[in-house]
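Dumped model_34.cif below, it's mmCIF, C-alpha atoms:
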```cif
data_data
loop_
_atom_site.group_PDB
_atom_site.id
_atom_site.type_symbol
_atom_site.label_atom_id
_atom_site.label_comp_id
_atom_site.auth_asym_id
_atom_site.auth_seq_id
_atom_site.Cartn_x
_atom_site.Cartn_y
_atom_site.Cartn_z
ATOM 1 C CA MET A 67 5.971 -28.683 -12.670
ATOM 2 C CA LYS A 68 3.816 -27.083 -9.986
ATOM 3 C CA ARG A 69 5.234 -23.911 -8.471
ATOM 4 C CA GLU A 70 4.001 -23.499 -4.912
ATOM 5 C CA PRO A 71 3.464 -19.853 -3.947
ATOM 6 C CA ASP A 72 4.644 -20.289 -0.339
ATOM 7 C CA ARG A 73 8.175 -18.943 -0.871
ATOM 8 C CA LEU A 74 6.866 -15.967 -2.840
ATOM 9 C CA VAL A 75 4.338 -15.161 -0.111
ATOM 10 C CA LEU A 76 6.920 -15.510 2.675
ATOM 11 C CA PHE A 77 9.372 -13.293 0.796
ATOM 12 C CA THR A 78 6.629 -10.726 0.216
ATOM 13 C CA ASP A 79 5.633 -10.758 3.886
ATOM 14 C CA ALA A 80 9.271 -10.247 4.924
ATOM 15 C CA VAL A 81 9.765 -7.297 2.565
ATOM 16 C CA VAL A 82 6.532 -5.654 3.743
ATOM 17 C CA ALA A 83 7.553 -6.170 7.374
ATOM 18 C CA ILE A 84 10.909 -4.480 6.717
ATOM 19 C CA ALA A 85 9.245 -1.563 4.902
ATOM 20 C CA ILE A 86 6.735 -1.021 7.694
ATOM 21 C CA THR A 87 9.582 -1.119 10.222
ATOM 22 C CA LEU A 88 11.587 1.451 8.251
ATOM 23 C CA LEU A 89 8.725 3.906 8.691
ATOM 24 C CA VAL A 90 9.496 4.356 12.375
ATOM 25 C CA LEU A 91 13.227 5.067 12.024
ATOM 26 C CA PRO A 92 12.837 8.836 11.469
ATOM 27 C CA LEU A 93 10.794 8.999 14.696
ATOM 28 C CA VAL A 94 13.500 7.129 16.554
ATOM 29 C CA GLU A 95 16.048 9.669 15.278
ATOM 30 C CA ILE A 96 13.936 12.519 16.671
ATOM 31 C CA THR A 97 14.168 11.104 20.193
ATOM 32 C CA SER A 98 17.904 10.479 19.919
ATOM 33 C CA GLU A 99 18.625 14.157 19.292
ATOM 34 C CA PRO A 100 19.726 15.803 22.525
ATOM 35 C CA GLY A 101 17.530 18.692 23.481
ATOM 36 C CA ASP A 102 15.987 20.586 26.311
ATOM 37 C CA GLU A 103 12.379 20.330 25.179
ATOM 38 C CA PRO A 104 10.054 18.150 27.243
ATOM 39 C CA PRO A 105 8.562 15.048 25.588
ATOM 40 C CA ILE A 106 5.161 16.681 25.035
ATOM 41 C CA GLU A 107 6.769 19.517 23.063
ATOM 42 C CA LEU A 108 8.921 17.037 21.147
ATOM 43 C CA VAL A 109 5.769 15.219 20.052
ATOM 44 C CA SER A 110 3.840 18.398 19.242
ATOM 45 C CA HIS A 111 6.755 19.871 17.235
ATOM 46 C CA HIS A 112 7.079 16.687 15.195
ATOM 47 C CA TRP A 113 3.385 16.067 14.590
ATOM 48 C CA PRO A 114 3.754 16.028 10.758
ATOM 49 C CA GLN A 115 6.327 13.198 10.995
ATOM 50 C CA ILE A 116 4.130 11.282 13.437
ATOM 51 C CA PHE A 117 1.069 11.763 11.232
ATOM 52 C CA SER A 118 2.908 10.605 8.090
ATOM 53 C CA PHE A 119 4.190 7.548 9.991
ATOM 54 C CA LEU A 120 0.696 6.612 11.211
ATOM 55 C CA LEU A 121 -0.840 7.200 7.787
ATOM 56 C CA SER A 122 1.787 5.102 6.003
ATOM 57 C CA PHE A 123 1.561 2.355 8.605
ATOM 58 C CA ALA A 124 -2.191 2.131 7.964
ATOM 59 C CA VAL A 125 -1.715 2.290 4.185
ATOM 60 C CA ILE A 126 0.939 -0.441 4.074
ATOM 61 C CA ALA A 127 -1.090 -2.599 6.472
ATOM 62 C CA HIS A 128 -4.140 -2.207 4.221
ATOM 63 C CA LEU A 129 -2.168 -2.963 1.058
ATOM 64 C CA TRP A 130 -0.553 -6.005 2.684
ATOM 65 C CA PHE A 131 -3.924 -7.294 3.891
ATOM 66 C CA THR A 132 -5.370 -6.918 0.386
ATOM 67 C CA HIS A 133 -2.348 -8.768 -1.024
ATOM 68 C CA HIS A 134 -2.698 -11.441 1.658
ATOM 69 C CA GLN A 135 -6.369 -12.035 0.825
ATOM 70 C CA LEU A 136 -5.555 -12.206 -2.871
ATOM 71 C CA PHE A 137 -2.752 -14.736 -2.429
ATOM 72 C CA GLU A 138 -4.844 -17.013 -0.209
ATOM 73 C CA ASN A 139 -6.436 -18.150 -3.469
ATOM 74 C CA VAL A 140 -3.186 -18.633 -5.425
ATOM 75 C CA ARG A 141 -2.398 -22.274 -6.135
ATOM 76 C CA GLN A 142 0.798 -21.748 -8.081
ATOM 77 C CA TYR A 143 2.836 -18.887 -9.427
ATOM 78 C CA SER A 144 3.929 -17.935 -12.914
ATOM 79 C CA VAL A 145 6.658 -15.631 -14.204
ATOM 80 C CA PRO A 146 4.186 -12.772 -14.907
ATOM 81 C CA LEU A 147 2.785 -13.185 -11.371
ATOM 82 C CA VAL A 148 6.275 -12.950 -9.857
ATOM 83 C CA VAL A 149 7.145 -9.894 -11.979
ATOM 84 C CA LEU A 150 3.934 -8.073 -10.978
ATOM 85 C CA ASN A 151 4.458 -9.051 -7.341
ATOM 86 C CA MET A 152 8.030 -7.709 -7.390
ATOM 87 C CA ALA A 153 6.826 -4.459 -8.976
ATOM 88 C CA TRP A 154 4.193 -4.205 -6.219
ATOM 89 C CA LEU A 155 6.896 -4.801 -3.601
ATOM 90 C CA LEU A 156 8.916 -1.974 -5.116
ATOM 91 C CA THR A 157 6.057 0.428 -4.366
ATOM 92 C CA ILE A 158 5.941 -0.824 -0.781
ATOM 93 C CA VAL A 159 9.690 -0.452 -0.319
ATOM 94 C CA VAL A 160 9.632 3.050 -1.843
ATOM 95 C CA LEU A 161 6.756 4.268 0.365
ATOM 96 C CA PRO A 162 8.952 5.130 3.401
ATOM 97 C CA PHE A 163 10.715 7.745 1.221
ATOM 98 C CA PRO A 164 7.617 9.820 0.345
ATOM 99 C CA THR A 165 6.474 9.237 3.935
ATOM 100 C CA GLU A 166 9.624 10.937 5.217
ATOM 101 C CA LEU A 167 9.187 13.707 2.659
ATOM 102 C CA ALA A 168 5.560 14.166 3.775
ATOM 103 C CA GLY A 169 6.680 14.532 7.382
ATOM 104 C CA THR A 170 9.399 17.023 6.466
ATOM 105 C CA TYR A 171 7.686 19.057 3.723
ATOM 106 C CA ASP A 172 4.133 18.927 5.039
ATOM 107 C CA GLY A 173 2.505 21.490 2.750
ATOM 108 C CA ASP A 174 4.356 20.736 -0.498
ATOM 109 C CA THR A 175 2.009 19.735 -3.349
ATOM 110 C CA PHE A 176 4.676 17.713 -5.175
ATOM 111 C CA VAL A 177 5.329 15.672 -2.032
ATOM 112 C CA ARG A 178 1.607 15.010 -1.586
ATOM 113 C CA LEU A 179 1.282 13.928 -5.225
ATOM 114 C CA PHE A 180 4.384 11.739 -4.931
ATOM 115 C CA TYR A 181 2.994 10.110 -1.801
ATOM 116 C CA VAL A 182 -0.510 9.435 -3.150
ATOM 117 C CA GLY A 183 0.945 8.553 -6.569
ATOM 118 C CA THR A 184 3.077 5.829 -4.980
ATOM 119 C CA ILE A 185 -0.010 4.380 -3.312
ATOM 120 C CA LEU A 186 -1.916 4.660 -6.604
ATOM 121 C CA VAL A 187 0.744 2.681 -8.479
ATOM 122 C CA SER A 188 0.717 0.074 -5.704
ATOM 123 C CA SER A 189 -3.052 -0.223 -5.999
ATOM 124 C CA ILE A 190 -2.870 -0.525 -9.803
ATOM 125 C CA LEU A 191 -0.367 -3.351 -9.428
ATOM 126 C CA LEU A 192 -2.642 -5.129 -6.938
ATOM 127 C CA ALA A 193 -5.456 -4.797 -9.482
ATOM 128 C CA ALA A 194 -3.215 -6.244 -12.191
ATOM 129 C CA LEU A 195 -2.328 -9.144 -9.879
ATOM 130 C CA ARG A 196 -6.014 -9.835 -9.212
ATOM 131 C CA LEU A 197 -6.871 -9.750 -12.903
ATOM 132 C CA LEU A 198 -3.915 -11.992 -13.777
ATOM 133 C CA ILE A 199 -4.762 -14.547 -11.098
ATOM 134 C CA HIS A 200 -8.360 -14.781 -12.254
ATOM 135 C CA SER A 201 -7.595 -14.759 -15.974
ATOM 136 C CA ARG A 202 -4.979 -17.519 -16.078
ATOM 137 C CA PRO A 203 -6.263 -21.063 -15.633
ATOM 138 C CA GLY A 204 -4.448 -22.936 -12.907
ATOM 139 C CA LEU A 205 -3.119 -19.955 -10.949
ATOM 140 C CA ALA A 206 -6.089 -19.714 -8.594
ATOM 141 C CA ARG A 207 -7.552 -22.502 -6.476
ATOM 142 C CA GLU A 208 -11.013 -21.198 -7.246
ATOM 143 C CA SER A 209 -11.604 -18.710 -9.998
ATOM 144 C CA PRO A 210 -14.830 -17.630 -11.592
ATOM 145 C CA GLY A 211 -12.750 -16.049 -14.370
ATOM 146 C CA LEU A 212 -12.890 -12.375 -15.186
ATOM 147 C CA THR A 213 -16.432 -11.807 -14.057
ATOM 148 C CA ARG A 214 -17.944 -8.376 -13.569
ATOM 149 C CA ALA A 215 -17.429 -8.698 -9.799
ATOM 150 C CA VAL A 216 -13.748 -9.663 -10.148
ATOM 151 C CA VAL A 217 -13.070 -6.739 -12.475
ATOM 152 C CA LEU A 218 -14.930 -4.287 -10.204
ATOM 153 C CA HIS A 219 -13.042 -5.574 -7.144
ATOM 154 C CA ALA A 220 -9.815 -4.981 -9.050
ATOM 155 C CA VAL A 221 -10.478 -1.546 -10.532
ATOM 156 C CA LEU A 222 -12.512 0.246 -7.848
ATOM 157 C CA PRO A 223 -9.633 0.899 -5.370
ATOM 158 C CA PRO A 224 -7.275 2.303 -8.053
ATOM 159 C CA ALA A 225 -10.133 4.382 -9.471
ATOM 160 C CA LEU A 226 -10.795 5.877 -6.026
ATOM 161 C CA LEU A 227 -7.080 6.552 -5.603
ATOM 162 C CA LEU A 228 -6.960 8.228 -8.992
ATOM 163 C CA VAL A 229 -9.725 10.584 -7.844
ATOM 164 C CA ALA A 230 -7.820 11.125 -4.571
ATOM 165 C CA PHE A 231 -4.658 11.875 -6.573
ATOM 166 C CA VAL A 232 -6.485 14.524 -8.613
ATOM 167 C CA LEU A 233 -7.957 16.064 -5.435
ATOM 168 C CA VAL A 234 -4.690 16.104 -3.437
ATOM 169 C CA PRO A 235 -3.690 19.671 -4.442
ATOM 170 C CA PHE A 236 -7.022 20.903 -3.056
ATOM 171 C CA THR A 237 -7.677 18.583 -0.110
ATOM 172 C CA SER A 238 -4.222 17.464 1.005
ATOM 173 C CA TYR A 239 -4.194 13.917 2.336
ATOM 174 C CA TRP A 240 -7.896 14.092 3.240
ATOM 175 C CA SER A 241 -8.685 12.830 -0.246
ATOM 176 C CA LEU A 242 -7.339 9.443 0.861
ATOM 177 C CA LEU A 243 -10.542 9.075 2.876
ATOM 178 C CA LEU A 244 -12.108 8.054 -0.433
ATOM 179 C CA LEU A 245 -10.483 4.677 0.198
ATOM 180 C CA LEU A 246 -13.092 4.079 2.856
ATOM 181 C CA LEU A 247 -15.472 3.527 -0.050
ATOM 182 C CA SER A 248 -13.442 0.585 -1.405
ATOM 183 C CA PRO A 249 -15.178 -2.000 0.827
ATOM 184 C CA LEU A 250 -18.206 -1.357 -1.367
ATOM 185 C CA ALA A 251 -16.390 -3.398 -3.990
ATOM 186 C CA GLN A 252 -16.590 -6.419 -1.712
ATOM 187 C CA ARG A 253 -20.398 -6.186 -1.760
ATOM 188 C CA ILE A 254 -20.669 -6.159 -5.544
ATOM 189 C CA ARG A 255 -21.511 -9.585 -6.931
#
```

Produce structure tokens that represent the structure in this file.
Amino acid sequence: MKREPDRLVLFTDAVVAIAITLLVLPLVEITSEPGDEPPIELVSHHWPQIFSFLLSFAVIAHLWFTHHQLFENVRQYSVPLVVLNMAWLLTIVVLPFPTELAGTYDGDTFVRLFYVGTILVSSILLAALRLLIHSRPGLARESPGLTRAVVLHAVLPPALLLVAFVLVPFTSYWSLLLLLLSPLAQRIR
């Protein structure tokens, strides 16, 4: 029995869309509080919340796009694929919580580690999905198997995030700029 991945992909897209929408709710609450401060001061006083929203929006969008590209090649799903995908979705759904913490407790090292750690776990799960899809015959439409390039494409982003995680206490969220190096994995053949 062939298990089409369409329902899994649509469900995943819906969950990601909800999570990305939840990111903005704390900003909406800020504007609903009555106050005498002009809008420019409201924005400047809440810059950490705005920054954490924008950062998480970009992170979730990037993670979703990576997931989307990966699942374009999926022909059918398996139970391990669904379990890994649900675990990945859990990291996406959780991300608004450390995002809110990051906006509220801007300088707290635990919050920074929690935030980057959540992204790291998400990236590890995406790597596991990639490796599973390419290692199981029949899951992918086209699969070269677990070639050097496939493995490097899978492990480079989590490796960069692991380095970012270690650097977070010293560099704050700037260590996430290491992710800009991950497109190098796409060039490795």

Output check: residues returned by the PyMOL selection byres ((chain A and resi 198-207) around 9), as a VMD selection string: chain A and resid 136 to 144 146 to 147 193 to 197 208 to 213 216

Selection near segment 159-162 of chain A, 9 Å with all atoms listed in the file, sequence-local residues under 6 positions removed, as a list of chain:residue names: A:Val81, A:Val82, A:Ile84, A:Ala85, A:Ile86, A:Leu88, A:Leu89, A:Phe119, A:Ser122, A:Ile126, A:Tyr181, A:Thr184, A:Ile185

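Taken over the shown file, the PyMOL selection byres ((chain A and resi 230) around 10) identifies Leu179, Val182, Gly183, Leu186, Pro224, Ala225, Leu226, Leu227, Leu228, Val229, Phe231, Val232, Leu233, Val234, Pro235, Phe236, Thr237, Ser238, Tyr239, Trp240, Ser241, Leu242, Leu243, Leu244 and Leu245 of chain A.
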
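Between atom CA of His111 of chain A and atom CA of Phe163 of chain A there is a distance of 20.5 Å.
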
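Minimum atom-to-atom distance to Met152 of chain A, evaluated using only C-alpha atoms, belongs to A:Leu192 out of A:Leu192, A:Pro105, A:Leu222, A:Ser248.
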
Nearest-residue call for His133 of chain A, choices A:Val109, A:Val149, A:Leu191, A:Leu156, using all atoms listed in the file: A:Leu191

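Pairwise distance (atom CA of Gly101 of chain A, atom CA of Trp113 of chain A) equals 16.9 Å.
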
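The spacing separating atom CA of Leu155 of chain A from atom CA of Ala80 of chain A amounts to 10.4 Å.
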
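Using all atoms listed in the file, the nearest neighbour of Glu95 of chain A within the list A:Gln115, A:Thr132, A:Thr175, A:Ser189 is A:Gln115.
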
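When all atoms listed in the file are used to measure the gap to Leu74 of chain A, the shortest distance among A:His134, A:Pro114, A:Leu120, A:Thr87 belongs to A:His134.
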
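The shortest atom-to-atom distance to Thr165 of chain A, with all atoms listed in the file taken into account, belongs to A:Val177 out of A:Ala153, A:Val221, A:Val177, A:Val148.
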